[in-house]
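K.L.:
The structure is given below, and queries will be raised subsequently.
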Amino acid sequence: MWTIDTILGDITQFPADAIVNAANCSLLGGGGVDGAIHRAAGPELLEECRTLRGCETGQAKLTKGYRLPARYILHTPGPIWRGGTAGEAELLASSYRSCMALAAEHGCKSVAFPSISTGVYRFPLELAAPIAVQTVAQCLEAGSCVERVTFVCFSPAVRKAYEQALNRK
Ligand code: ADP
């Protein structure tokens, strides 16, 4: 059996086997959750990221968690919102799927996600939350060693959107 839940909080402090970073394609750090993860993990994270040579939108790459409680960080660049007709929904689903696949490959039982693309990348929250919840649920239903997925929401508005998406599922 598996569970999906939400929590209000800071993903850098969350004790999952893997946490997800809403990165950019350079994987060399940025603002928002990316900046927070790099600050909390320490400078060795950037050193490892430099060896990865970037990542395409919708794909994911794994690093160690360094000073974080999490063992691994799954870095995925979500899509930048361009109005909705540039494949944004499929790319966002692909980010979630890629992270779930990578987590399973590394034997993770618990994974924590931030709300990918809904900050600086401006993907509308009310569209992103159902995509996130449905994609993760499909991965879990298909059979995975991942048992628990937590959406770590940075504000009550984000949490409300994910709770609504979960309740509709
Ligand atoms: P993107 O570029 O993918 O839009 P952002 O980091 O700008 O990424 O925003 C993604 C989400 O992460 C937003 O909901 C933002 O509020 C949230 N966020 C920012 N810092 C943290 C954090 N420390 N823990 C969890 N979520 C965070």
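By order in the structure tokens, chains are A, B, ...; within a chain, residues start at 1; ligands start at 1, following the order shown.
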I'd like a table as CSV: residues in chain A with an atom no more than 8 Å from ligand 1, each row giving the shortest atom pair and its distance in Å to one decimal, only C-alpha atoms and all ligand atoms counted, sorted by chain and rising residue number.

P.N.:
residue,atom,partner,partner_atom_place_in_ligand_line,distance
A:Gly9,CA,ligand 1,24 (N),6.2
A:Asp10,CA,ligand 1,24 (N),3.7
A:Ile11,CA,ligand 1,24 (N),3.9
A:Thr12,CA,ligand 1,23 (N),5.7
A:Ala22,CA,ligand 1,3 (O),4.5
A:Ala23,CA,ligand 1,3 (O),6.3
A:Asn24,CA,ligand 1,2 (O),6.9
A:Gly31,CA,ligand 1,6 (O),6.1
A:Gly32,CA,ligand 1,6 (O),3.4
A:Val33,CA,ligand 1,20 (N),3.6
A:Asp34,CA,ligand 1,6 (O),5.7
A:Gly35,CA,ligand 1,6 (O),7.7
A:Ala36,CA,ligand 1,23 (N),5.3
A:Ile37,CA,ligand 1,23 (N),6.9
A:Pro77,CA,ligand 1,3 (O),6.7
A:Gly78,CA,ligand 1,3 (O),5.5
A:Pro79,CA,ligand 1,3 (O),7.4
A:Ile80,CA,ligand 1,4 (O),7.4
A:Phe113,CA,ligand 1,25 (C),7.9
A:Pro114,CA,ligand 1,26 (N),4.8
A:Ser115,CA,ligand 1,11 (C),4.5
A:Ile116,CA,ligand 1,3 (O),4.4
A:Ser117,CA,ligand 1,3 (O),3.1
A:Thr118,CA,ligand 1,4 (O),4.3
A:Gly119,CA,ligand 1,4 (O),3.3
A:Val120,CA,ligand 1,7 (O),3.8
A:Tyr121,CA,ligand 1,4 (O),3.8
A:Arg122,CA,ligand 1,4 (O),5.9
A:Phe123,CA,ligand 1,4 (O),7.0
A:Val152,CA,ligand 1,25 (C),5.5
A:Cys153,CA,ligand 1,26 (N),5.5
A:Phe154,CA,ligand 1,26 (N),4.4
A:Ser155,CA,ligand 1,16 (O),6.6
A:Val158,CA,ligand 1,14 (O),6.3

K.L.:
If you keep N, CA and C atoms, can you produce a file of those selected residues as a CSV table (one decimal), in the first residue's frame?

P.N.:
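Listed below is the output, again-v1.csv:
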chain,number,residue,atom,x,y,z
A,9,GLY,N,5.4,23.4,4.8
A,9,GLY,CA,6.7,23.4,5.4
A,9,GLY,C,7.8,23.7,4.4
A,10,ASP,N,9.0,23.5,4.9
A,10,ASP,CA,10.2,23.8,4.1
A,10,ASP,C,10.8,22.4,3.7
A,11,ILE,N,10.9,22.2,2.4
A,11,ILE,CA,11.3,20.9,1.9
A,11,ILE,C,12.7,20.5,2.3
A,12,THR,N,13.6,21.6,2.5
A,12,THR,CA,15.0,21.3,2.8
A,12,THR,C,15.1,20.6,4.2
A,22,ALA,N,13.0,21.7,-7.7
A,22,ALA,CA,12.4,22.3,-9.0
A,22,ALA,C,13.6,23.2,-9.5
A,23,ALA,N,14.4,22.5,-10.3
A,23,ALA,CA,15.7,23.2,-10.7
A,23,ALA,C,15.5,23.9,-12.1
A,24,ASN,N,16.6,24.4,-12.6
A,24,ASN,CA,16.5,24.9,-14.0
A,24,ASN,C,17.5,24.0,-14.8
A,31,GLY,N,16.9,30.6,-7.8
A,31,GLY,CA,16.1,31.1,-6.7
A,31,GLY,C,15.2,30.1,-6.2
A,32,GLY,N,14.2,30.6,-5.4
A,32,GLY,CA,13.1,29.8,-4.9
A,32,GLY,C,13.6,28.5,-4.2
A,33,VAL,N,13.0,27.4,-4.4
A,33,VAL,CA,13.3,26.2,-3.7
A,33,VAL,C,14.7,25.7,-4.1
A,34,ASP,N,15.1,26.0,-5.3
A,34,ASP,CA,16.5,25.6,-5.8
A,34,ASP,C,17.5,26.2,-4.9
A,35,GLY,N,17.4,27.5,-4.7
A,35,GLY,CA,18.4,28.3,-3.9
A,35,GLY,C,18.4,27.8,-2.4
A,36,ALA,N,17.2,27.5,-1.9
A,36,ALA,CA,17.0,27.0,-0.5
A,36,ALA,C,17.7,25.7,-0.4
A,37,ILE,N,17.5,24.8,-1.4
A,37,ILE,CA,18.2,23.5,-1.3
A,37,ILE,C,19.7,23.6,-1.3
A,77,PRO,N,14.1,20.1,-14.0
A,77,PRO,CA,13.6,21.4,-14.5
A,77,PRO,C,12.2,21.2,-15.0
A,78,GLY,N,11.2,21.8,-14.4
A,78,GLY,CA,9.8,21.8,-14.9
A,78,GLY,C,9.7,22.8,-16.0
A,79,PRO,N,8.6,22.8,-16.7
A,79,PRO,CA,8.4,23.7,-17.8
A,79,PRO,C,8.1,25.1,-17.3
A,80,ILE,N,8.6,26.1,-18.1
A,80,ILE,CA,8.2,27.5,-18.0
A,80,ILE,C,6.8,27.6,-18.6
A,113,PHE,N,8.0,16.1,-2.8
A,113,PHE,CA,8.0,17.1,-3.9
A,113,PHE,C,7.6,18.5,-3.5
A,114,PRO,N,8.2,19.5,-4.1
A,114,PRO,CA,7.7,20.9,-4.0
A,114,PRO,C,6.7,21.0,-5.1
A,115,SER,N,6.1,22.1,-5.2
A,115,SER,CA,5.1,22.4,-6.2
A,115,SER,C,5.9,22.9,-7.5
A,116,ILE,N,6.3,21.9,-8.3
A,116,ILE,CA,7.2,22.2,-9.4
A,116,ILE,C,6.5,23.2,-10.4
A,117,SER,N,7.3,24.1,-10.9
A,117,SER,CA,6.9,25.1,-11.9
A,117,SER,C,6.0,26.2,-11.5
A,118,THR,N,5.4,26.1,-10.3
A,118,THR,CA,4.4,27.1,-9.9
A,118,THR,C,4.9,28.4,-9.3
A,119,GLY,N,6.2,28.5,-9.2
A,119,GLY,CA,6.8,29.7,-8.6
A,119,GLY,C,7.2,30.7,-9.8
A,120,VAL,N,8.5,30.8,-9.9
A,120,VAL,CA,9.1,31.7,-10.9
A,120,VAL,C,8.7,31.3,-12.3
A,121,TYR,N,8.4,30.0,-12.5
A,121,TYR,CA,8.0,29.5,-13.9
A,121,TYR,C,6.6,29.7,-14.2
A,122,ARG,N,5.8,30.2,-13.2
A,122,ARG,CA,4.4,30.7,-13.4
A,122,ARG,C,3.4,29.7,-13.9
A,123,PHE,N,3.6,28.4,-13.8
A,123,PHE,CA,2.6,27.4,-14.2
A,123,PHE,C,1.4,27.6,-13.2
A,152,VAL,N,5.3,18.9,-0.2
A,152,VAL,CA,5.7,19.8,0.8
A,152,VAL,C,5.4,21.2,0.3
A,153,CYS,N,4.3,21.8,0.9
A,153,CYS,CA,3.8,23.1,0.4
A,153,CYS,C,4.3,24.2,1.2
A,154,PHE,N,4.7,25.3,0.5
A,154,PHE,CA,5.4,26.4,1.1
A,154,PHE,C,4.5,27.5,1.6
A,155,SER,N,3.2,27.4,1.2
A,155,SER,CA,2.2,28.3,1.7
A,155,SER,C,0.9,27.6,1.8
A,158,VAL,N,-0.9,27.0,-1.5
A,158,VAL,CA,-0.3,25.8,-2.3
A,158,VAL,C,-0.9,24.5,-1.7

K.L.:
Hey, what's within 10 Å of Val146 in chain A if we count only C-alpha atoms and toss same-chain stuff fewer than 6 positions away? As an MDAnalysis selection string, please?

P.N.:
chainID A and resid 1:3 17 100:101 103:111 139:140

K.L.:
Would you please give, as a VMD selection string, all residues of range 15-149 of chain A that DSSP assigns to strand (DSSP E) based on the backbone?

P.N.:
chain A and resid 18 to 23 61 to 64 72 to 77 110 to 113 148 to 149

K.L.:
Could you write out the selected residues, including N, CA and C atoms, as a PDB file, in the first residue's frame?

P.N.:
ATOM      1  N   ALA A  18      14.269  10.739  -0.568  1.00  0.00           N
ATOM      2  CA  ALA A  18      14.653  11.677  -1.626  1.00  0.00           C
ATOM      3  C   ALA A  18      13.726  12.881  -1.583  1.00  0.00           C
ATOM      4  N   ILE A  19      14.297  14.073  -1.772  1.00  0.00           N
ATOM      5  CA  ILE A  19      13.478  15.259  -2.003  1.00  0.00           C
ATOM      6  C   ILE A  19      13.734  15.719  -3.431  1.00  0.00           C
ATOM      7  N   VAL A  20      12.744  16.402  -3.984  1.00  0.00           N
ATOM      8  CA  VAL A  20      12.828  16.867  -5.364  1.00  0.00           C
ATOM      9  C   VAL A  20      13.155  18.353  -5.375  1.00  0.00           C
ATOM     10  N   ASN A  21      14.029  18.724  -6.289  1.00  0.00           N
ATOM     11  CA  ASN A  21      14.371  20.120  -6.496  1.00  0.00           C
ATOM     12  C   ASN A  21      13.764  20.608  -7.802  1.00  0.00           C
ATOM     13  N   ALA A  22      12.955  21.675  -7.745  1.00  0.00           N
ATOM     14  CA  ALA A  22      12.441  22.330  -8.957  1.00  0.00           C
ATOM     15  C   ALA A  22      13.583  23.186  -9.499  1.00  0.00           C
ATOM     16  N   ALA A  23      14.432  22.541 -10.301  1.00  0.00           N
ATOM     17  CA  ALA A  23      15.687  23.152 -10.744  1.00  0.00           C
ATOM     18  C   ALA A  23      15.491  23.891 -12.061  1.00  0.00           C
ATOM     19  N   LYS A  61      17.714  14.322 -12.738  1.00  0.00           N
ATOM     20  CA  LYS A  61      19.028  13.762 -12.389  1.00  0.00           C
ATOM     21  C   LYS A  61      19.172  13.728 -10.872  1.00  0.00           C
ATOM     22  N   LEU A  62      19.946  12.762 -10.406  1.00  0.00           N
ATOM     23  CA  LEU A  62      20.064  12.514  -8.965  1.00  0.00           C
ATOM     24  C   LEU A  62      21.423  12.937  -8.422  1.00  0.00           C
ATOM     25  N   THR A  63      21.408  13.538  -7.243  1.00  0.00           N
ATOM     26  CA  THR A  63      22.649  13.763  -6.493  1.00  0.00           C
ATOM     27  C   THR A  63      22.450  13.252  -5.065  1.00  0.00           C
ATOM     28  N   LYS A  64      23.540  13.262  -4.338  1.00  0.00           N
ATOM     29  CA  LYS A  64      23.447  12.995  -2.900  1.00  0.00           C
ATOM     30  C   LYS A  64      22.780  14.197  -2.205  1.00  0.00           C
ATOM     31  N   TYR A  72      18.946  11.590  -0.910  1.00  0.00           N
ATOM     32  CA  TYR A  72      19.143  11.981  -2.314  1.00  0.00           C
ATOM     33  C   TYR A  72      18.338  13.236  -2.638  1.00  0.00           C
ATOM     34  N   ILE A  73      18.813  13.943  -3.671  1.00  0.00           N
ATOM     35  CA  ILE A  73      18.045  15.039  -4.267  1.00  0.00           C
ATOM     36  C   ILE A  73      17.800  14.680  -5.733  1.00  0.00           C
ATOM     37  N   LEU A  74      16.553  14.787  -6.148  1.00  0.00           N
ATOM     38  CA  LEU A  74      16.182  14.544  -7.543  1.00  0.00           C
ATOM     39  C   LEU A  74      15.937  15.907  -8.172  1.00  0.00           C
ATOM     40  N   HIS A  75      16.788  16.287  -9.112  1.00  0.00           N
ATOM     41  CA  HIS A  75      16.719  17.626  -9.715  1.00  0.00           C
ATOM     42  C   HIS A  75      15.940  17.543 -11.022  1.00  0.00           C
ATOM     43  N   THR A  76      14.861  18.276 -11.109  1.00  0.00           N
ATOM     44  CA  THR A  76      14.086  18.271 -12.359  1.00  0.00           C
ATOM     45  C   THR A  76      13.719  19.683 -12.772  1.00  0.00           C
ATOM     46  N   PRO A  77      14.079  20.092 -13.999  1.00  0.00           N
ATOM     47  CA  PRO A  77      13.585  21.371 -14.489  1.00  0.00           C
ATOM     48  C   PRO A  77      12.160  21.172 -15.012  1.00  0.00           C
ATOM     49  N   SER A 110      10.395   6.765   0.421  1.00  0.00           N
ATOM     50  CA  SER A 110       9.651   8.017   0.628  1.00  0.00           C
ATOM     51  C   SER A 110      10.260   9.119  -0.236  1.00  0.00           C
ATOM     52  N   VAL A 111       9.376   9.899  -0.849  1.00  0.00           N
ATOM     53  CA  VAL A 111       9.790  10.983  -1.739  1.00  0.00           C
ATOM     54  C   VAL A 111       8.966  12.225  -1.404  1.00  0.00           C
ATOM     55  N   ALA A 112       9.633  13.386  -1.370  1.00  0.00           N
ATOM     56  CA  ALA A 112       8.929  14.647  -1.110  1.00  0.00           C
ATOM     57  C   ALA A 112       9.098  15.570  -2.311  1.00  0.00           C
ATOM     58  N   PHE A 113       7.985  16.140  -2.757  1.00  0.00           N
ATOM     59  CA  PHE A 113       7.983  17.061  -3.902  1.00  0.00           C
ATOM     60  C   PHE A 113       7.608  18.471  -3.462  1.00  0.00           C
ATOM     61  N   ARG A 148       5.544   6.194   0.028  1.00  0.00           N
ATOM     62  CA  ARG A 148       4.948   7.429   0.543  1.00  0.00           C
ATOM     63  C   ARG A 148       5.457   8.634  -0.245  1.00  0.00           C
ATOM     64  N   VAL A 149       4.527   9.428  -0.737  1.00  0.00           N
ATOM     65  CA  VAL A 149       4.873  10.670  -1.424  1.00  0.00           C
ATOM     66  C   VAL A 149       4.240  11.821  -0.650  1.00  0.00           C
TER      67      VAL A 149
END

K.L.:
Between A:Arg82, A:Glu141, A:Asn167, A:Leu45, single out the one closest to Gly65 in chain A, counting only C-alpha atoms.

P.N.:
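Closest candidate: A:Leu45.
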
K.L.:
Near Gln134 in chain A, counting only C-alpha atoms, which residues have an atom at most 12 Å away, once you skip same-chain residues fewer than 5 positions from it, shown as number ranges by chain?

P.N.:
A: 4, 89, 92-94, 96-97, 127-129, 139-141, 162, 165-169

K.L.:
Can you write out the residues you just picked, keeping all heavy atoms, as a compact mmCIF listing (two decimals), in the first residue's frame?

P.N.:
# COMPACT_ATOMS: atom_id res chain seq x y z
N ILE A 4 -0.31 9.23 -0.30
CA ILE A 4 0.10 10.55 -0.77
C ILE A 4 -0.45 11.54 0.26
O ILE A 4 -1.64 11.46 0.61
CB ILE A 4 -0.51 10.90 -2.15
CG1 ILE A 4 -0.10 9.86 -3.21
CG2 ILE A 4 -0.09 12.30 -2.58
CD1 ILE A 4 -0.72 10.11 -4.58
N ALA A 89 1.76 20.99 -19.93
CA ALA A 89 1.14 19.98 -19.06
C ALA A 89 1.89 18.65 -19.16
O ALA A 89 2.20 18.02 -18.13
CB ALA A 89 -0.34 19.79 -19.43
N LEU A 92 5.26 18.89 -17.47
CA LEU A 92 5.17 18.86 -16.01
C LEU A 92 4.95 17.42 -15.53
O LEU A 92 5.62 16.96 -14.60
CB LEU A 92 4.04 19.77 -15.53
CG LEU A 92 3.95 19.92 -14.00
CD1 LEU A 92 5.21 20.57 -13.42
CD2 LEU A 92 2.71 20.71 -13.61
N ALA A 93 4.05 16.71 -16.19
CA ALA A 93 3.82 15.30 -15.83
C ALA A 93 5.12 14.51 -15.99
O ALA A 93 5.46 13.66 -15.15
CB ALA A 93 2.72 14.71 -16.71
N SER A 94 5.86 14.81 -17.03
CA SER A 94 7.13 14.12 -17.28
C SER A 94 8.14 14.36 -16.15
O SER A 94 8.88 13.45 -15.76
CB SER A 94 7.69 14.58 -18.63
OG SER A 94 8.95 14.01 -18.85
N TYR A 96 7.40 14.85 -12.98
CA TYR A 96 6.98 14.00 -11.85
C TYR A 96 7.31 12.53 -12.13
O TYR A 96 7.83 11.82 -11.25
CB TYR A 96 5.49 14.20 -11.54
CG TYR A 96 5.24 15.49 -10.79
CD1 TYR A 96 4.86 16.64 -11.45
CD2 TYR A 96 5.43 15.56 -9.42
CE1 TYR A 96 4.67 17.85 -10.77
CE2 TYR A 96 5.24 16.75 -8.72
CZ TYR A 96 4.86 17.89 -9.40
OH TYR A 96 4.68 19.07 -8.71
N ARG A 97 7.01 12.07 -13.36
CA ARG A 97 7.30 10.67 -13.71
C ARG A 97 8.80 10.37 -13.64
O ARG A 97 9.21 9.33 -13.13
CB ARG A 97 6.80 10.36 -15.13
CG ARG A 97 5.36 9.88 -15.20
CD ARG A 97 5.08 9.23 -16.55
NE ARG A 97 5.33 10.14 -17.65
CZ ARG A 97 4.41 10.97 -18.16
NH1 ARG A 97 3.19 11.00 -17.67
NH2 ARG A 97 4.72 11.77 -19.14
N LEU A 127 -3.91 24.37 -12.10
CA LEU A 127 -3.70 23.38 -13.17
C LEU A 127 -2.58 22.42 -12.79
O LEU A 127 -2.62 21.22 -13.11
CB LEU A 127 -3.33 24.08 -14.49
CG LEU A 127 -4.35 25.06 -15.05
CD1 LEU A 127 -3.83 25.66 -16.36
CD2 LEU A 127 -5.68 24.36 -15.30
N ALA A 128 -1.56 22.93 -12.13
CA ALA A 128 -0.38 22.11 -11.80
C ALA A 128 -0.69 21.06 -10.73
O ALA A 128 -0.21 19.92 -10.82
CB ALA A 128 0.76 23.01 -11.33
N ALA A 129 -1.50 21.43 -9.74
CA ALA A 129 -1.74 20.51 -8.62
C ALA A 129 -2.40 19.20 -9.07
O ALA A 129 -1.92 18.12 -8.70
CB ALA A 129 -2.54 21.21 -7.52
N CYS A 139 1.93 6.54 -11.04
CA CYS A 139 3.22 5.85 -10.83
C CYS A 139 3.11 4.87 -9.66
O CYS A 139 3.61 3.74 -9.74
CB CYS A 139 4.33 6.85 -10.54
SG CYS A 139 4.73 7.91 -11.93
N LEU A 140 2.44 5.28 -8.59
CA LEU A 140 2.31 4.42 -7.42
C LEU A 140 1.40 3.23 -7.73
O LEU A 140 1.69 2.09 -7.33
CB LEU A 140 1.77 5.22 -6.23
CG LEU A 140 2.72 6.28 -5.69
CD1 LEU A 140 1.99 7.22 -4.74
CD2 LEU A 140 3.91 5.64 -4.99
N GLU A 141 0.32 3.49 -8.46
CA GLU A 141 -0.62 2.42 -8.81
C GLU A 141 0.02 1.39 -9.72
O GLU A 141 -0.33 0.21 -9.68
CB GLU A 141 -1.87 3.00 -9.49
CG GLU A 141 -2.91 3.46 -8.49
CD GLU A 141 -3.91 4.46 -9.07
OE1 GLU A 141 -3.92 4.67 -10.31
OE2 GLU A 141 -4.67 5.03 -8.27
N TYR A 162 -3.29 21.46 -3.48
CA TYR A 162 -2.92 20.03 -3.52
C TYR A 162 -3.93 19.19 -2.76
O TYR A 162 -4.26 18.08 -3.18
CB TYR A 162 -1.48 19.83 -3.03
CG TYR A 162 -0.48 20.17 -4.10
CD1 TYR A 162 -0.17 21.49 -4.39
CD2 TYR A 162 0.10 19.18 -4.89
CE1 TYR A 162 0.70 21.83 -5.42
CE2 TYR A 162 0.97 19.51 -5.92
CZ TYR A 162 1.27 20.82 -6.18
OH TYR A 162 2.11 21.15 -7.21
N ALA A 165 -6.89 18.78 -5.03
CA ALA A 165 -6.59 17.80 -6.10
C ALA A 165 -6.62 16.38 -5.54
O ALA A 165 -7.12 15.46 -6.20
CB ALA A 165 -5.22 18.11 -6.70
N LEU A 166 -6.14 16.19 -4.34
CA LEU A 166 -6.16 14.85 -3.71
C LEU A 166 -7.59 14.40 -3.42
O LEU A 166 -7.94 13.25 -3.63
CB LEU A 166 -5.38 14.87 -2.39
CG LEU A 166 -3.89 14.60 -2.46
CD1 LEU A 166 -3.26 14.81 -1.10
CD2 LEU A 166 -3.64 13.19 -2.96
N ASN A 167 -8.42 15.33 -2.97
CA ASN A 167 -9.81 14.98 -2.63
C ASN A 167 -10.62 14.64 -3.87
O ASN A 167 -11.55 13.86 -3.80
CB ASN A 167 -10.48 16.12 -1.86
CG ASN A 167 -9.89 16.25 -0.47
OD1 ASN A 167 -9.37 15.28 0.08
ND2 ASN A 167 -9.94 17.44 0.10
N ARG A 168 -10.25 15.23 -5.00
CA ARG A 168 -10.97 14.93 -6.24
C ARG A 168 -10.54 13.60 -6.82
O ARG A 168 -11.20 13.06 -7.69
CB ARG A 168 -10.72 16.03 -7.27
CG ARG A 168 -11.55 17.25 -6.98
CD ARG A 168 -11.68 18.14 -8.20
NE ARG A 168 -11.88 19.51 -7.75
CZ ARG A 168 -10.93 20.41 -7.77
NH1 ARG A 168 -9.73 20.14 -8.25
NH2 ARG A 168 -11.18 21.62 -7.33
N LYS A 169 -9.42 13.10 -6.37
CA LYS A 169 -8.88 11.86 -6.96
C LYS A 169 -9.71 10.65 -6.57
O LYS A 169 -10.08 10.48 -5.45
CB LYS A 169 -7.43 11.69 -6.52
CG LYS A 169 -6.53 11.75 -7.69
CD LYS A 169 -5.56 10.58 -7.72
CE LYS A 169 -5.86 9.51 -8.69
NZ LYS A 169 -6.09 8.22 -8.50

K.L.:
Record the distance separating CA of Leu46 in chain A and CA of Thr150 in chain A, expressed in Å with one decimal.

P.N.:
25.0 Å

K.L.:
From the set A:Pro15, A:Pro124, A:Gly30, A:Gly143, which residue has the shortest atom-to-atom contact distance to Gly83 in chain A, counting only C-alpha atoms?

P.N.:
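The closest residue to Gly83 in chain A is A:Pro124.
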
K.L.:
As a PyMOL selection string, please: all residues of range 3-167 of chain A that backbone DSSP puts in alpha helix (DSSP H).

P.N.:
chain A and resi 32-41+43-50+88-105+125-141+156-167

K.L.:
To one decimal in Å, tell me the separation between CA of Leu52 in chain A and CA of Ala86 in chain A.

P.N.:
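One can read the CA of Leu52 in chain A to CA of Ala86 in chain A distance as 26.3 Å.
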
K.L.:
As an exercise, work out the distance from CA of Leu28 in chain A to CA of Glu126 in chain A in Å and give it to one decimal place.

P.N.:
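If I compute the distance from CA of Leu28 in chain A to CA of Glu126 in chain A, I get 28.6 Å.
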
K.L.:
Measuring atom to atom with only C-alpha atoms, identify which of A:Arg67, A:Ser95, A:Gln164, A:Glu48 is nearest to Thr135 in chain A.

P.N.:
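Closest residue, counting only C-alpha atoms: A:Ser95.
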